[in-house]
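File shown: input15.txt (compact mmCIF, C-alpha atoms and all ligand atoms).
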# COMPACT_ATOMS: atom_id res chain seq x y z
CA MET L 1 8.20 22.88 -17.56
CA GLY L 2 10.63 20.33 -16.31
CA GLU L 3 12.98 17.54 -17.12
CA CYS L 4 11.74 14.34 -18.70
CA VAL L 5 13.73 11.52 -17.10
CA PRO L 6 14.43 8.26 -18.95
CA ASP L 7 11.47 6.37 -17.50
CA ARG L 8 9.11 8.93 -18.97
CA ILE L 9 8.32 10.70 -15.73
CA MET L 10 7.98 14.42 -16.11
CA VAL L 11 9.89 15.98 -13.23
CA PRO L 12 8.70 19.53 -12.61
CA GLU L 13 11.40 21.93 -11.47
CA GLY L 14 10.04 22.24 -7.95
CA TRP L 15 10.39 18.54 -7.16
CA GLU L 16 14.17 18.85 -6.92
CA THR L 17 13.82 21.05 -3.84
CA VAL L 18 12.59 18.06 -1.83
CA PRO L 19 15.65 15.77 -2.17
CA SER L 20 18.05 18.71 -2.01
CA HIS L 21 16.46 19.89 1.25
CA LEU L 22 16.56 16.34 2.67
CA LYS L 23 20.16 15.73 1.61
CA LYS L 24 21.24 18.91 3.35
CA ARG L 25 19.55 17.77 6.57
CA GLY L 26 20.90 14.23 6.21
CA PHE L 27 17.67 12.58 7.37
CA GLY L 28 13.94 13.05 7.19
CA VAL L 29 10.47 11.57 6.83
CA VAL L 30 8.25 12.66 3.93
CA TYR L 31 4.48 12.08 3.81
CA VAL L 32 3.15 12.25 0.24
CA ILE L 33 -0.52 13.12 -0.05
CA GLY L 34 -2.89 13.60 -2.98
CA ALA L 35 -6.23 12.57 -4.39
CA ALA L 36 -6.45 9.49 -6.61
CA ASP L 37 -4.22 9.56 -9.69
CA ARG L 38 -2.50 12.84 -8.88
CA GLY L 39 0.93 11.25 -9.12
CA LYS L 40 1.75 10.36 -5.49
CA THR L 41 3.40 7.05 -6.29
CA THR L 42 5.28 8.48 -9.26
CA PHE L 43 6.70 11.20 -7.05
CA SER L 44 7.44 8.81 -4.18
CA ARG L 45 9.38 6.40 -6.37
CA TRP L 46 11.27 9.23 -7.97
CA LEU L 47 12.19 10.61 -4.56
CA VAL L 48 13.36 7.20 -3.33
CA GLY L 49 15.48 6.97 -6.48
CA GLN L 50 17.04 10.35 -5.72
CA LEU L 51 17.87 9.51 -2.12
CA SER L 52 18.73 5.82 -1.98
CA PRO L 53 22.03 5.85 -3.91
CA GLY L 54 23.55 7.90 -1.10
CA ALA L 55 21.79 6.62 2.00
CA MET L 56 19.50 3.88 3.25
CA THR L 57 16.00 4.97 2.24
CA GLY L 58 12.68 3.43 3.20
CA PHE L 59 9.57 3.42 1.04
CA LEU L 60 6.50 3.02 3.26
CA ASP L 61 3.54 2.17 1.04
CA CYS L 62 0.35 3.00 2.95
CA ASP L 63 -1.89 2.76 -0.11
CA ILE L 64 -3.73 -0.48 0.66
CA GLY L 65 -5.84 -0.38 -2.52
CA GLN L 66 -3.30 0.41 -5.22
CA SER L 67 -0.38 -1.16 -3.35
CA THR L 68 3.11 -1.09 -4.76
CA ILE L 69 4.89 -2.89 -1.91
CA GLY L 70 3.24 -6.23 -1.21
CA PRO L 71 -0.31 -7.27 -2.03
CA PRO L 72 -3.39 -5.07 -1.49
CA ALA L 73 -4.79 -4.90 2.06
CA THR L 74 -1.27 -4.54 3.47
CA VAL L 75 0.95 -1.66 4.42
CA GLY L 76 4.45 -2.35 3.15
CA LEU L 77 7.95 -1.16 3.93
CA ALA L 78 10.83 -1.63 1.49
CA LEU L 79 14.37 -0.53 2.22
CA TYR L 80 16.67 0.59 -0.57
CA HIS L 81 20.35 1.34 -0.58
CA GLY L 82 22.43 1.89 -3.68
CA ASP L 83 21.49 2.24 -7.31
CA ALA L 84 20.06 -1.21 -7.95
CA GLY L 85 16.43 -0.35 -7.25
CA VAL L 86 16.02 -3.73 -5.54
CA PRO L 87 14.95 -3.60 -1.91
CA VAL L 88 17.42 -4.90 0.65
CA ALA L 89 14.53 -5.83 2.95
CA THR L 90 10.75 -5.67 3.07
CA ARG L 91 8.17 -5.97 5.85
CA LEU L 92 4.38 -6.06 5.73
CA ARG L 93 1.55 -5.29 8.16
CA PHE L 94 -1.97 -6.45 7.46
CA VAL L 95 -4.90 -4.03 7.33
CA GLY L 96 -7.46 -6.47 5.99
CA ALA L 97 -9.30 -4.20 3.55
CA VAL L 98 -8.54 -2.23 0.40
CA THR L 99 -9.66 1.12 1.75
CA PRO L 100 -8.86 2.70 5.11
CA SER L 101 -12.55 3.49 5.59
CA GLY L 102 -13.62 1.31 8.51
CA HIS L 103 -10.02 0.15 9.05
CA MET L 104 -8.29 3.28 10.19
CA VAL L 105 -6.99 1.78 13.43
CA GLN L 106 -5.34 -1.13 11.64
CA GLU L 107 -3.81 1.19 9.07
CA LEU L 108 -2.56 3.75 11.59
CA VAL L 109 -1.01 1.11 13.81
CA GLY L 110 0.53 -0.75 10.87
CA ALA L 111 2.04 2.42 9.43
CA LEU L 112 3.50 3.46 12.77
CA ARG L 113 4.99 0.03 13.47
CA LEU L 114 6.64 -0.02 10.04
CA LYS L 115 7.98 3.47 10.57
CA GLU L 116 9.54 2.15 13.80
CA LYS L 117 11.00 -0.80 11.87
CA ALA L 118 12.52 1.63 9.40
CA ARG L 119 14.09 3.54 12.28
CA GLU L 120 15.45 0.31 13.79
CA GLU L 121 17.03 -0.42 10.42
CA LYS L 122 18.63 3.02 10.63
CA VAL L 123 17.18 4.48 7.46
CA SER L 124 18.23 8.05 6.80
CA PHE L 125 15.13 8.86 4.77
CA LEU L 126 11.61 7.51 4.77
CA VAL L 127 9.14 8.26 1.98
CA ILE L 128 5.50 7.52 2.85
CA ASP L 129 3.02 7.04 0.00
CA SER L 130 -0.58 7.43 1.17
CA PRO L 131 -4.08 6.42 -0.03
CA GLY L 132 -5.89 8.67 -2.51
CA TRP L 133 -8.94 8.72 -0.24
CA VAL L 134 -8.98 12.40 0.68
CA VAL L 135 -12.39 13.95 0.04
CA GLU L 136 -14.93 13.00 2.71
CA PRO L 137 -14.57 14.34 6.25
CA SER L 138 -13.63 10.87 7.47
CA ALA L 139 -10.90 10.67 4.82
CA GLN L 140 -9.58 14.06 5.87
CA GLU L 141 -9.57 12.99 9.50
CA PHE L 142 -7.69 9.85 8.47
CA HIS L 143 -4.88 11.85 6.85
CA VAL L 144 -4.81 14.40 9.65
CA ARG L 145 -4.25 11.55 12.11
CA MET L 146 -1.72 9.79 9.87
CA ILE L 147 0.33 12.98 9.71
CA ASP L 148 -0.15 13.61 13.43
CA LEU L 149 0.99 10.07 14.28
CA LEU L 150 3.78 9.58 11.75
CA ALA L 151 5.20 13.05 12.42
CA PRO L 152 6.83 13.67 9.05
CA ASP L 153 9.36 16.44 8.59
CA ILE L 154 7.88 17.27 5.20
CA VAL L 155 4.37 16.83 3.79
CA VAL L 156 4.48 16.82 -0.01
CA ALA L 157 1.03 17.68 -1.36
CA ILE L 158 0.35 16.89 -5.02
CA GLN L 159 -2.92 18.47 -5.98
CA ARG L 160 -5.15 20.27 -8.41
CA GLY L 161 -6.02 23.72 -7.16
CA GLU L 162 -6.33 23.73 -3.40
CA GLU L 163 -8.19 20.45 -3.02
CA LEU L 164 -6.06 19.34 -0.05
CA GLU L 165 -6.41 22.54 1.93
CA GLY L 166 -8.91 21.02 4.38
CA ILE L 167 -6.12 18.66 5.48
CA LEU L 168 -3.07 20.88 5.05
CA VAL L 169 -4.51 23.83 6.99
CA ASN L 170 -4.29 21.79 10.17
CA PHE L 171 -0.49 21.70 9.90
CA ARG L 172 0.34 25.11 8.47
CA ARG L 173 1.42 26.36 11.89
CA HIS L 174 3.02 23.11 13.04
CA PRO L 175 6.47 23.82 14.47
CA SER L 176 8.30 20.94 12.79
CA ILE L 177 6.30 20.03 9.69
CA ARG L 178 7.14 21.75 6.44
CA ILE L 179 4.49 21.62 3.70
CA MET L 180 5.68 21.55 0.08
CA GLU L 181 2.93 21.80 -2.53
CA PHE L 182 3.11 20.83 -6.19
CA PRO L 183 0.49 20.84 -8.93
CA SER L 184 -0.42 17.43 -10.29
CA SER L 185 1.44 16.75 -13.55
CA PRO L 186 -0.54 17.14 -16.77
CA LEU L 187 0.79 13.67 -17.57
CA ALA L 188 -0.95 12.15 -14.55
CA THR L 189 -3.65 9.89 -15.95
CA GLU L 190 -6.88 8.78 -14.35
CA ARG L 191 -7.52 5.07 -13.83
CA LYS L 192 -11.12 3.91 -13.75
CA ARG L 193 -12.73 1.67 -11.20
CA ASP L 194 -12.35 -1.38 -13.47
CA TRP L 195 -8.65 -0.74 -13.85
CA ARG L 196 -8.26 -0.51 -10.09
CA ARG L 197 -10.13 -3.74 -9.52
CA MET L 198 -8.04 -5.47 -12.15
CA TYR L 199 -4.86 -4.09 -10.60
CA ARG L 200 -5.82 -5.53 -7.21
CA TYR L 201 -6.88 -8.83 -8.76
CA GLN L 202 -3.52 -9.18 -10.47
CA ARG L 203 -1.58 -8.23 -7.35
CA PHE L 204 -3.46 -10.87 -5.38
CA SER L 205 -3.10 -13.44 -8.19
CA SER L 206 0.60 -12.86 -8.33
CA TYR L 207 0.94 -13.12 -4.56
CA PHE L 208 -1.01 -16.38 -4.39
CA SER L 209 0.45 -17.89 -7.57
CA ASP L 210 2.48 -20.46 -5.61
CA ALA L 211 -0.04 -20.91 -2.78
CA VAL L 212 -0.52 -24.40 -1.40
CA PRO L 213 -3.17 -25.82 0.95
CA ARG L 214 -2.25 -25.55 4.65
CA THR L 215 -3.97 -26.45 7.89
CA LEU L 216 -3.35 -24.54 11.11
CA SER L 217 -4.48 -25.56 14.57
CA LEU L 218 -6.10 -22.63 16.34
CA HIS L 219 -5.33 -24.01 19.81
CA GLY L 220 -3.21 -21.45 21.64
CA MET L 221 -3.30 -19.20 18.61
CA GLY L 222 -4.37 -15.56 18.70
CA VAL L 223 -7.28 -14.97 16.33
CA HIS L 224 -8.53 -11.42 15.86
CA GLY L 225 -9.87 -8.96 13.32
CA ARG L 226 -13.22 -8.82 11.53
CA MET L 227 -14.81 -12.17 12.33
CA PRO L 228 -17.71 -13.03 10.04
CA ASP L 229 -21.08 -13.00 11.77
CA SER L 230 -21.59 -16.70 11.15
CA PHE L 231 -19.59 -19.91 10.91
CA ARG L 232 -21.28 -20.88 7.66
CA ASP L 233 -18.86 -21.95 4.97
CA GLU L 234 -19.82 -19.14 2.59
CA ALA L 235 -18.93 -16.53 5.21
CA TRP L 236 -15.40 -17.90 5.52
CA HIS L 237 -14.64 -19.24 2.07
CA ASN L 238 -11.98 -17.07 0.35
CA LEU L 239 -11.73 -14.78 3.34
CA LEU L 240 -8.38 -13.00 3.33
CA ILE L 241 -6.34 -13.65 6.48
CA ALA L 242 -2.82 -12.86 7.61
CA LEU L 243 -0.55 -15.23 9.49
CA CYS L 244 1.50 -13.02 11.74
CA ASP L 245 4.65 -13.42 13.79
CA PRO L 246 4.85 -12.54 17.49
CA GLU L 247 5.40 -8.86 16.55
CA MET L 248 2.34 -8.95 14.29
CA MET L 249 4.39 -8.63 11.15
CA VAL L 250 2.96 -10.58 8.22
CA ILE L 251 4.55 -13.97 7.60
CA ALA L 252 2.10 -14.79 4.81
CA LEU L 253 -1.41 -13.96 3.69
CA GLY L 254 -3.91 -16.76 3.26
CA LEU L 255 -7.27 -17.42 1.61
CA VAL L 256 -9.55 -19.49 3.81
CA GLU L 257 -10.95 -22.71 2.39
CA ARG L 258 -12.91 -23.66 5.49
CA LEU L 259 -13.05 -23.54 9.24
CA ASP L 260 -13.11 -26.94 10.92
CA LEU L 261 -14.74 -26.16 14.24
CA ALA L 262 -14.74 -29.77 15.41
CA LYS L 263 -10.98 -30.02 15.11
CA GLY L 264 -10.28 -26.39 15.96
CA GLU L 265 -8.45 -25.89 12.66
CA ILE L 266 -8.47 -23.44 9.83
CA VAL L 267 -7.77 -24.67 6.30
CA PHE L 268 -6.43 -22.14 3.82
CA ARG L 269 -4.17 -21.61 0.84
CA ALA L 270 -0.99 -19.60 1.32
CA PRO L 271 2.43 -19.21 -0.24
CA PRO L 272 5.11 -21.41 1.35
CA HIS L 273 6.09 -20.19 4.82
CA ASP L 274 7.31 -21.50 8.16
CA PRO L 275 4.19 -22.32 10.25
CA SER L 276 6.22 -22.54 13.46
CA LEU L 277 6.60 -18.75 13.39
CA VAL L 278 2.85 -18.05 13.34
CA ALA L 279 1.65 -16.48 16.60
CA SER L 280 -1.67 -14.98 15.52
CA VAL L 281 -4.18 -14.96 12.71
CA HIS L 282 -5.58 -11.60 11.65
CA VAL L 283 -8.95 -12.06 9.94
CA GLY L 284 -9.54 -9.54 7.17
CA SER L 285 -12.74 -8.07 5.80
CA ILE L 286 -12.70 -9.14 2.18
CA GLN L 287 -13.26 -12.36 0.34
CA VAL L 288 -10.93 -12.71 -2.64
CA ASP L 289 -12.11 -15.06 -5.36
CA LEU L 290 -9.20 -15.56 -7.72
CA SER L 291 -11.19 -17.98 -9.88
CA VAL L 292 -13.34 -15.12 -11.17
CA PRO L 293 -11.18 -12.46 -12.80
CA PRO L 294 -12.73 -9.02 -12.97
CA GLY L 295 -14.27 -7.33 -15.98
CA ARG L 296 -12.02 -6.81 -18.89
CA ALA L 297 -8.41 -6.48 -19.81
CA VAL L 298 -6.84 -3.16 -18.90
CA PRO L 299 -3.58 -2.02 -20.44
CA ASP L 300 -0.82 -1.32 -17.99
CA THR L 301 -0.12 2.39 -18.10
CA ARG L 302 0.91 2.52 -14.49
CA HIS L 303 4.57 3.12 -13.81
CA PRO L 304 5.64 1.72 -17.17
CA ILE L 305 9.23 1.35 -16.07
CA ALA L 306 9.36 1.02 -12.33
CA PRO L 307 12.92 1.17 -11.10
CA TYR L 308 11.81 0.81 -7.52
CA THR L 309 9.79 -2.35 -7.60
CA SER L 310 8.48 -4.09 -4.57
CA ALA L 311 9.09 -7.08 -2.38
CA PRO L 312 10.06 -10.52 -3.57
CA ARG L 313 6.96 -11.89 -1.84
CA GLY L 314 3.92 -10.37 -3.49
CA GLY L 315 6.03 -7.60 -4.71
CA ASP L 316 5.74 -7.63 -8.43
CA PRO L 317 5.19 -4.48 -10.33
CA ALA L 318 2.02 -3.42 -12.04
CA PRO L 319 -0.41 -5.73 -13.83
CA ARG L 320 0.26 -6.77 -17.37
CA ALA L 321 -2.11 -6.94 -20.28
CA PRO L 322 -3.67 -8.93 -21.75
CA VAL L 323 -5.44 -10.43 -18.81
CA PRO L 324 -8.57 -12.45 -18.40
CA PRO L 325 -11.88 -10.67 -17.83
CA ALA L 326 -13.79 -9.38 -13.76
CA SER L 327 -14.12 -9.24 -10.14
CA GLY L 328 -11.26 -10.63 -8.03
CA GLU L 329 -12.37 -9.58 -4.64
CA GLY L 330 -15.70 -11.05 -3.84
CA GLY L 331 -17.72 -9.31 -1.23
CA ASP L 332 -16.40 -6.53 0.85
CA GLN L 333 -19.01 -7.55 3.36
CA GLY L 334 -20.95 -4.36 3.03
CA ARG L 335 -18.03 -2.07 3.69
CA SER L 336 -17.49 0.84 1.38
CA VAL L 337 -14.69 0.77 -1.14
CA PRO L 338 -14.54 4.31 -2.44
CA ASP L 339 -13.55 4.42 -6.05
CA GLN L 340 -11.20 7.27 -5.48
CA SER L 341 -8.99 5.30 -3.16
CA GLY L 342 -9.53 1.60 -3.73
N1 LIG L 401 5.02 13.48 -13.31
C1 LIG L 401 4.52 12.52 -14.08
N2 LIG L 401 5.09 12.25 -15.27
C2 LIG L 401 4.60 11.26 -16.06
N3 LIG L 401 3.55 10.48 -15.75
C3 LIG L 401 2.94 10.70 -14.57
C4 LIG L 401 3.39 11.72 -13.67
N4 LIG L 401 2.61 11.69 -12.58
C5 LIG L 401 1.73 10.71 -12.78
N5 LIG L 401 1.93 10.10 -13.96
C6 LIG L 401 1.15 8.96 -14.51
O1 LIG L 401 -0.20 9.09 -14.09
C7 LIG L 401 -0.69 7.87 -13.59
C8 LIG L 401 -1.06 8.06 -12.12
O2 LIG L 401 0.12 8.32 -11.38
P1 LIG L 401 0.38 7.65 -9.95
O3 LIG L 401 0.15 6.20 -9.97
O4 LIG L 401 1.71 8.14 -9.51
O5 LIG L 401 -0.78 8.37 -9.12
P2 LIG L 401 -1.25 8.11 -7.63
O6 LIG L 401 -1.64 9.42 -7.08
O7 LIG L 401 -0.24 7.31 -6.90
O8 LIG L 401 -2.54 7.23 -7.92
P3 LIG L 401 -3.36 6.27 -6.91
O9 LIG L 401 -4.28 7.16 -6.17
O10 LIG L 401 -4.08 5.32 -7.80
O11 LIG L 401 -2.38 5.59 -6.03
C9 LIG L 401 0.41 6.83 -13.81
O12 LIG L 401 0.14 6.14 -15.01
C10 LIG L 401 1.67 7.65 -13.93
O13 LIG L 401 2.63 7.03 -14.76
MG MG L 402 -0.41 5.50 -5.89

Structure re-expressed in structure tokens:
Amino acid sequence: MGECVPDRIMVPEGWETVPSHLKKRGFGVVYVIGAADRGKTTFSRWLVGQLSPGAMTGFLDCDIGQSTIGPPATVGLALYHGDAGVPVATRLRFVGAVTPSGHMVQELVGALRLKEKAREEKVSFLVIDSPGWVVEPSAQEFHVRMIDLLAPDIVVAIQRGEELEGILVNFRRHPSIRIMEFPSSPLATERKRDWRRMYRYQRFSSYFSDAVPRTLSLHGMGVHGRMPDSFRDEAWHNLLIALCDPEMMVIALGLVERLDLAKGEIVFRAPPHDPSLVASVHVGSIQVDLSVPPGRAVPDTRHPIAPYTSAPRGGDPAPRAPVPPASGEGGDQGRSVPDQSG
């Protein structure tokens, strides 16, 4: 059935064809697609581990719900070279939500800009992990456009039966995209909605663990994104924002404490950063209340030994048990957070 590597990942025989094909070419972009819990991230990390000892390899994490590079609501790029499994560099773009539904533009643009960054950094290989939101027509359109835009050389589809055919069929006659399909491992385990919420809560908690209060003048500052409909405190309190550099790369995420309209200032909590670099504020769509942990403790069965961990900033591996009980993100302001992806 396949080799069981030391970190308890079952590697089916067919997987090896992907790195061997890429190594022969010397370069390539791989888009990994699959429904929730099919094993996309497991495969992606394994592939990065196969490629990075010999060449600079990028891991582009486009899963904004179950993020592995950076906190949720961001698309993250980590660059690896050598055996250490520690990224030599990381970059983040802000999407502002934990599902691409309603935020496809932000996700598409963020993913493309990070792919360009990877190219600037002269990566030989780029492995793109994607959201598990694949069922509805809008989800299928999302992946069709991600593949169209990111132009991978290989699409790796990890699936049960032919559940991805509605997406894959669009590229079966593409002149430069090769589709490689693998069945989801029997060891791939399903994580429930509560687990996913706890995972996000812990990723955010970890990211904001050293956050301090900051005040930013909005004079001359770009402010864009999903503005709340009102200026009332409850609409802004705990709203997730990103402080971005002139290229719209994330400098730091923040959680709004209040908007001071009289002074033209925004008050928020954020990890230490250099405020002189901030050129714009991207307002996200979710309020994240870290004082109210979600539900119940969930054991960490996700990537038990993760050789390819994420960024120093917000880049810790999976959540650890035991953890306090419930709901991390407050409102999603009426926007859908499909269980299968978020
Ligand atoms: N080949 C495999 N061998 C061993 N365990 C696996 C394998 N594939 C998946 N798993 C396990 O199944 C669970 C889900 O895998 P993974 O996180 O890779 O899925 P995913 O498709 O990325 O999920 P999500 O949609 O939540 O991002 C994890 O606990 C992982 O360790
Ligand atoms: Mg995943």

Have a look at atom CA of Ile154 of chain L and atom CA of Pro137 of chain L and let me know their distance in Å, one decimal.
22.7 Å

Just to confirm, what's the straight-line distance from atom CA of Leu277 of chain L to atom CA of Leu77 of chain L in Å (one decimal)?
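The value is 20.0 Å.
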
Of the listed residues L:Ser176, L:Thr68, L:Ser20, L:Ser291, that which approaches Leu47 of chain L most closely, counting only C-alpha atoms:
L:Ser20

Distance limit 7 Å, reference ligand LIG 401 (chain L), atoms considered: only C-alpha atoms and all ligand atoms. Which residues make the cut? Give them as an MDAnalysis selection string.
chainID L and resid 8:11 34:43 63 66 131:132 184:185 187:191 301:304 340:341

Please measure the separation of atom CA of Ile128 of chain L and atom CA of Leu60 of chain L, giving the value in Å to one decimal.
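Separation between atom CA of Ile128 of chain L and atom CA of Leu60 of chain L: 4.6 Å.
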
Using all atoms listed in the file, which residue out of L:Gln159, L:Ser124, L:Ser67, L:Thr90 lies closest to Gly54 of chain L?
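For Gly54 of chain L, the nearest of the given residues is L:Ser124.
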
Could you name the residues that touch Asp129 of chain L at 6 Å or less, counting all atoms listed in the file, but leaving out those on the same chain fewer than 6 positions away, as a list in words?
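The neighbour list is Val32, Asp61 and Cys62 of chain L.
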
I'd like the contact shell of Met56 of chain L - 10 Å cut-off, all atoms listed in the file, skipping same-chain residues fewer than 6 positions apart - returned as a PDB file with C-alpha atoms, keeping the file's coordinate frame.
ATOM      1  CA  PHE L  27      17.670  12.580   7.370  1.00  0.00           C
ATOM      2  CA  VAL L  48      13.360   7.200  -3.330  1.00  0.00           C
ATOM      3  CA  LEU L  79      14.370  -0.530   2.220  1.00  0.00           C
ATOM      4  CA  TYR L  80      16.670   0.590  -0.570  1.00  0.00           C
ATOM      5  CA  HIS L  81      20.350   1.340  -0.580  1.00  0.00           C
ATOM      6  CA  GLY L  82      22.430   1.890  -3.680  1.00  0.00           C
ATOM      7  CA  VAL L  88      17.420  -4.900   0.650  1.00  0.00           C
ATOM      8  CA  ALA L 118      12.520   1.630   9.400  1.00  0.00           C
ATOM      9  CA  GLU L 121      17.030  -0.420  10.420  1.00  0.00           C
ATOM     10  CA  LYS L 122      18.630   3.020  10.630  1.00  0.00           C
ATOM     11  CA  VAL L 123      17.180   4.480   7.460  1.00  0.00           C
ATOM     12  CA  SER L 124      18.230   8.050   6.800  1.00  0.00           C
ATOM     13  CA  PHE L 125      15.130   8.860   4.770  1.00  0.00           C
ATOM     14  CA  LEU L 126      11.610   7.510   4.770  1.00  0.00           C
TER      15      LEU L 126
END

What's the 6 Å shell around Ser285 of chain L, counting only C-alpha atoms, without same-chain residues fewer than 5 positions away, as a list in words?
Gly96, Ala97 and Arg226 of chain L

Within 12 Å of Pro272 of chain L, counting all atoms listed in the file, which residues qualify if same-chain residues fewer than 5 places away don't, as a list of chain:residue names?
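The residues satisfying every condition are L:Tyr207, L:Phe208, L:Ser209, L:Asp210, L:Ala211, L:Val212, L:Pro213, L:Arg214, L:Leu243, L:Ile251, L:Ala252, L:Leu253, L:Gly254, L:Arg313.
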
Point out the residue among L:Gly264, L:Gly222, L:Gly284, L:Pro275 with the least atom-to-atom distance to Ala235 of chain L, counting all atoms listed in the file.
L:Gly284

Proximity to Val256 of chain L - best of L:Gly161, L:Val288, L:Val144, L:Pro271, all atoms listed in the file
L:Val288

For Ala157 of chain L, find every residue with an atom within 8 Å (counting all atoms listed in the file), except residues of its own chain fewer than 6 positions away, and show them as a short mmCIF file (atom, residue, chain, number, x, y, z; two decimals) with C-alpha atoms, keeping the file's coordinate frame.
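Below is the file that was written, part24.cif:
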data_model
loop_
_atom_site.label_atom_id
_atom_site.label_comp_id
_atom_site.auth_asym_id
_atom_site.auth_seq_id
_atom_site.Cartn_x
_atom_site.Cartn_y
_atom_site.Cartn_z
CA VAL L 32 3.15 12.25 0.24
CA ILE L 33 -0.52 13.12 -0.05
CA GLY L 34 -2.89 13.60 -2.98
CA LEU L 164 -6.06 19.34 -0.05
CA ILE L 179 4.49 21.62 3.70
CA MET L 180 5.68 21.55 0.08
CA GLU L 181 2.93 21.80 -2.53
CA PHE L 182 3.11 20.83 -6.19
#

Which residue of L:Gly14, L:Pro71, L:Pro183, L:Pro175 approaches Leu240 of chain L most closely, using all atoms listed in the file:
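Nearest to Leu240 of chain L: L:Pro71.
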
Please rebuild segment 174-190 of chain L with N, CA and C atoms and give the result as a PDB file, in the frame of the given file.
ATOM      1  N   HIS L 174       2.312  24.141  12.255  1.00  0.00           N
ATOM      2  CA  HIS L 174       3.020  23.110  13.040  1.00  0.00           C
ATOM      3  C   HIS L 174       4.500  23.485  13.133  1.00  0.00           C
ATOM      4  N   PRO L 175       5.089  23.358  14.318  1.00  0.00           N
ATOM      5  CA  PRO L 175       6.470  23.820  14.470  1.00  0.00           C
ATOM      6  C   PRO L 175       7.510  23.012  13.712  1.00  0.00           C
ATOM      7  N   SER L 176       7.238  21.731  13.421  1.00  0.00           N
ATOM      8  CA  SER L 176       8.300  20.940  12.790  1.00  0.00           C
ATOM      9  C   SER L 176       7.904  20.319  11.454  1.00  0.00           C
ATOM     10  N   ILE L 177       6.709  20.605  10.981  1.00  0.00           N
ATOM     11  CA  ILE L 177       6.300  20.030   9.690  1.00  0.00           C
ATOM     12  C   ILE L 177       6.341  21.120   8.623  1.00  0.00           C
ATOM     13  N   ARG L 178       7.078  20.820   7.557  1.00  0.00           N
ATOM     14  CA  ARG L 178       7.140  21.750   6.440  1.00  0.00           C
ATOM     15  C   ARG L 178       6.245  21.213   5.320  1.00  0.00           C
ATOM     16  N   ILE L 179       5.386  22.051   4.780  1.00  0.00           N
ATOM     17  CA  ILE L 179       4.490  21.620   3.700  1.00  0.00           C
ATOM     18  C   ILE L 179       5.050  22.108   2.369  1.00  0.00           C
ATOM     19  N   MET L 180       5.193  21.175   1.419  1.00  0.00           N
ATOM     20  CA  MET L 180       5.680  21.550   0.080  1.00  0.00           C
ATOM     21  C   MET L 180       4.597  21.121  -0.911  1.00  0.00           C
ATOM     22  N   GLU L 181       4.076  22.077  -1.657  1.00  0.00           N
ATOM     23  CA  GLU L 181       2.930  21.800  -2.530  1.00  0.00           C
ATOM     24  C   GLU L 181       3.334  21.860  -4.006  1.00  0.00           C
ATOM     25  N   PHE L 182       2.832  20.867  -4.760  1.00  0.00           N
ATOM     26  CA  PHE L 182       3.110  20.830  -6.190  1.00  0.00           C
ATOM     27  C   PHE L 182       1.820  20.545  -6.951  1.00  0.00           C
ATOM     28  N   PRO L 183       1.663  21.186  -8.113  1.00  0.00           N
ATOM     29  CA  PRO L 183       0.490  20.840  -8.930  1.00  0.00           C
ATOM     30  C   PRO L 183       0.653  19.448  -9.528  1.00  0.00           C
ATOM     31  N   SER L 184      -0.447  18.746  -9.650  1.00  0.00           N
ATOM     32  CA  SER L 184      -0.420  17.430 -10.290  1.00  0.00           C
ATOM     33  C   SER L 184       0.054  17.593 -11.743  1.00  0.00           C
ATOM     34  N   SER L 185       0.902  16.660 -12.197  1.00  0.00           N
ATOM     35  CA  SER L 185       1.440  16.750 -13.550  1.00  0.00           C
ATOM     36  C   SER L 185       0.320  16.620 -14.590  1.00  0.00           C
ATOM     37  N   PRO L 186       0.427  17.358 -15.687  1.00  0.00           N
ATOM     38  CA  PRO L 186      -0.540  17.140 -16.770  1.00  0.00           C
ATOM     39  C   PRO L 186      -0.460  15.729 -17.339  1.00  0.00           C
ATOM     40  N   LEU L 187       0.656  15.045 -17.084  1.00  0.00           N
ATOM     41  CA  LEU L 187       0.790  13.670 -17.570  1.00  0.00           C
ATOM     42  C   LEU L 187       0.152  12.641 -16.636  1.00  0.00           C
ATOM     43  N   ALA L 188      -0.307  13.089 -15.482  1.00  0.00           N
ATOM     44  CA  ALA L 188      -0.950  12.150 -14.550  1.00  0.00           C
ATOM     45  C   ALA L 188      -2.280  11.711 -15.150  1.00  0.00           C
ATOM     46  N   THR L 189      -2.451  10.404 -15.268  1.00  0.00           N
ATOM     47  CA  THR L 189      -3.650   9.890 -15.950  1.00  0.00           C
ATOM     48  C   THR L 189      -4.578   9.196 -14.965  1.00  0.00           C
ATOM     49  N   GLU L 190      -5.868   9.350 -15.237  1.00  0.00           N
ATOM     50  CA  GLU L 190      -6.880   8.780 -14.350  1.00  0.00           C
ATOM     51  C   GLU L 190      -7.094   7.306 -14.667  1.00  0.00           C
TER      52      GLU L 190
END
